[in-house]
Amino acid sequence: MEGISPEDDGFLEELERANFQFFVDQADPDTGLVKDRCNVRTADNTVVASIASTGFGLTALCIGHQRGYISTPEAHQRVIRVLSFLREQMPTHRGFFYHFANMKTGERIWDSEVSSIDTSMLLCGVITCREHFRQAEIDRLASDIFGRVQWRWLSEDTSLLPQGWSPEVGFLPYRWDLYSELMMIYLLGLGSVNHPLSVETWNAWKRTPFEYEGIRYIGAFAPLFVHQYSQAWFDFRGRRDQYADYFLNSIYATEAHRLFCIELSRQFPDYSNDLWGITASDSEHGYEIWGGPPAMGAIDGTVAPSAPGGSLPFLPNATLRVLRYVKQRYEKDAWCRYGFVNAFNPLKNWFDHDVVGIDTGITMLMAENLRTGFVWNTFMKSHEAQWGLTKAGFKTYDVDYRPEQEKMEARTR
């Protein structure tokens, strides 16, 4: 990509190769389901798979095949294995999948919900495989898996889609009603042929304006991942609906987050222009949903590398600076065979022992999108993506994001 130095490209190549290895090693050899997380310091015998992690893993196989990390026969074998299991054996409800499952059997774990967002991340990986490999069996399986998802069931009595459903309580009381990672759910549903959502659903959720340090953008929920996940697959560059240019919105949100962390350096001196990033992640005391602005959660100086990693295409120089600094300064403790550990806190000398699939995945996909746009270019070939954007009212327009990126990144050197 223009503007990426050979040194930065080499660093991202090393990072992607490491990330790819997670999705190879931590996929079950029989089902293909990918672990939610694994401990990289000791032998890990856990069996909890995440359906979202599996979606990232499917996309990682496409990237790995494109880059020559894996041969065509092995890639086909791995993709067909997991798609066959998803199609023929994995428990579903109206085409939607349970959030967590036993990676060896596919059985529901922890009374987890049938998840609209995690199913959507899986489906994005399924579609990417279909569009990249163009192989008959993959095409059939992928189309079957997507085609049976009953999107209209989610909106039987509401335009605001529920976050999930469980056999014990039915639909969860929480709705996708505010701008967040929700965009992929609505767009995939709009793009469905068999069970499409109505256009009204796209207009139903709120786009709440927010301002920080003179930067105005849509975003009321603090963790940075909400500005990243849908855009791992959907390419919003040069497109906007009646409300916003969402790629530009994520540029602004990432810059606001960077300035927010730098401001926090008065309280947590580890944060700086070289080291920032707070998003939902592990902490010394367990998993935390934290971020900002506005400040959310008991922020304590912990850094999540997937925060800058998931924003690589939005502010390339600023995010690469952080990731390279972490690798150089904390390689012994914050880097492992799969790339970065999930989180660490240098003030407390705490370094996570886990790697989390979705955070490793967002970093890998966004690294590749920054370098080549491969995931965007592949996924956007699908009729589901094209129809979804068209029905949501997206129009293309001429825009150069570099001046805004340069202006943002120049605010703090």
# chains A, B, ... in the order shown; residues from 1 in each chain; ligands from 1
$ residues_around --residues "segment 107-123 of chain A" --least-positions-apart "5" --cutoff "9 Å" --atoms "only C-alpha atoms" --output "MDAnalysis selection string"
chainID A and resid 48:58 90:93 95:102 128 142 145:146 154 161:168 172 181:182 184:185 188 229:230
$ closest_atom_pairs --of "segment 349-379 of chain A" --to "segment 318-327 of chain A" --cutoff "12 Å" --atoms "only C-alpha atoms" --output "Markdown table"
| residue | atom | partner | partner_atom | distance |
| --- | --- | --- | --- | --- |
| A:Thr363 | CA | A:Leu323 | CA | 10.4 |
| A:Met366 | CA | A:Thr319 | CA | 11.1 |
| A:Ala367 | CA | A:Leu320 | CA | 9.7 |
| A:Leu370 | CA | A:Leu320 | CA | 10.6 |
| A:Arg371 | CA | A:Leu320 | CA | 12.0 |
$ write_last_selection --atoms "C-alpha atoms" --output "PDB file, in the first residue's frame"
ATOM      1  CA  THR A 363      -5.361  -7.518  13.960  1.00  0.00           C
ATOM      2  CA  MET A 366      -6.764  -5.188   9.328  1.00  0.00           C
ATOM      3  CA  ALA A 367      -3.038  -5.656   8.744  1.00  0.00           C
ATOM      4  CA  LEU A 370      -3.822  -1.966   5.157  1.00  0.00           C
ATOM      5  CA  ARG A 371      -1.253  -3.756   3.019  1.00  0.00           C
TER       6      ARG A 371
END
$ residues_around --residues "segment 302-314 of chain A" --least-positions-apart "6" --cutoff "9 Å" --atoms "only C-alpha atoms" --output "PyMOL selection string"
chain A and resi 223-225+227-229+232+247-248+250-252+254-255+258+270-271+275-284+320+322-323+326+340-348+350+359-367+369-371+401+405
$ closest_residue --among "A:Gly214, A:Gly292, A:Gly68, A:Gly191" --to "Arg17 of chain A" --atoms "only C-alpha atoms"
A:Gly68
$ residues_around --residues "Asn377 of chain A" --least-positions-apart "5" --cutoff "10 Å" --atoms "only C-alpha atoms" --output "PDB file with C-alpha atoms, in the first residue's frame"
ATOM      1  CA  THR A 128     -14.926 -14.666   2.152  1.00  0.00           C
ATOM      2  CA  GLU A 131     -15.484 -15.637  -2.936  1.00  0.00           C
ATOM      3  CA  HIS A 132     -11.763 -16.377  -2.645  1.00  0.00           C
ATOM      4  CA  TRP A 233     -14.913  -7.216   5.904  1.00  0.00           C
ATOM      5  CA  PHE A 234     -17.189  -4.414   4.670  1.00  0.00           C
ATOM      6  CA  ASP A 235     -15.244  -1.819   2.702  1.00  0.00           C
ATOM      7  CA  ASN A 369      -6.405  -4.676   4.530  1.00  0.00           C
ATOM      8  CA  THR A 372      -3.385  -4.860   0.070  1.00  0.00           C
ATOM      9  CA  SER A 382     -20.275 -11.110  -2.843  1.00  0.00           C
TER      10      SER A 382
END
$ residues_around --residues "Ser192 of chain A" --least-positions-apart "6" --cutoff "9 Å" --atoms "only C-alpha atoms" --output "list in words"
Phe146, Gly147, Val149, Gln150, Trp151, His383, Glu384, Trp387 and Gly388 of chain A
$ atom_distance --atom1 "atom CA of Trp176 of chain A" --atom2 "atom CA of Trp205 of chain A"
7.0 Å
$ select_by_dssp --residues "segment 243-324 of chain A" --states "helix (DSSP H, G or I)" --output "PyMOL selection string"
chain A and resi 246-264+306-309+316-324
$ residues_around --residues "segment 36-39 of chain A" --least-positions-apart "2" --cutoff "8 Å" --atoms "only C-alpha atoms" --output "list in words"
Gln26, Val34, Arg41, Thr42, Ala43, Asp44, Thr46, Val48, Ala49, Ser50, Ser53, Phe100, His353, Asp354, Val355, Val356, Gly357 and Ile358 of chain A
$ closest_residue --among "A:Asp139, A:Asn317, A:Glu404, A:Ser265" --to "Ser5 of chain A" --atoms "only C-alpha atoms"
A:Asn317
$ select_by_dssp --residues "segment 23-187 of chain A" --states "strand (DSSP E)" --output "number ranges by chain"
A: 37-39, 48-50, 92-93, 96-97, 100-102, 114-115, 164-166, 170-171
$ closest_residue --among "A:Gln242, A:Tyr330, A:Cys124, A:Pro173" --to "Met380 of chain A" --atoms "only C-alpha atoms"
A:Cys124
$ residues_around --residues "Glu74 of chain A" --least-positions-apart "3" --cutoff "12 Å" --atoms "only C-alpha atoms" --output "PyMOL selection string"
chain A and resi 24+61-62+64-65+68-71+77-81
$ closest_residue --among "A:Leu160, A:Arg337, A:Tyr217, A:Gly170" --to "Glu16 of chain A" --atoms "only C-alpha atoms"
A:Arg337
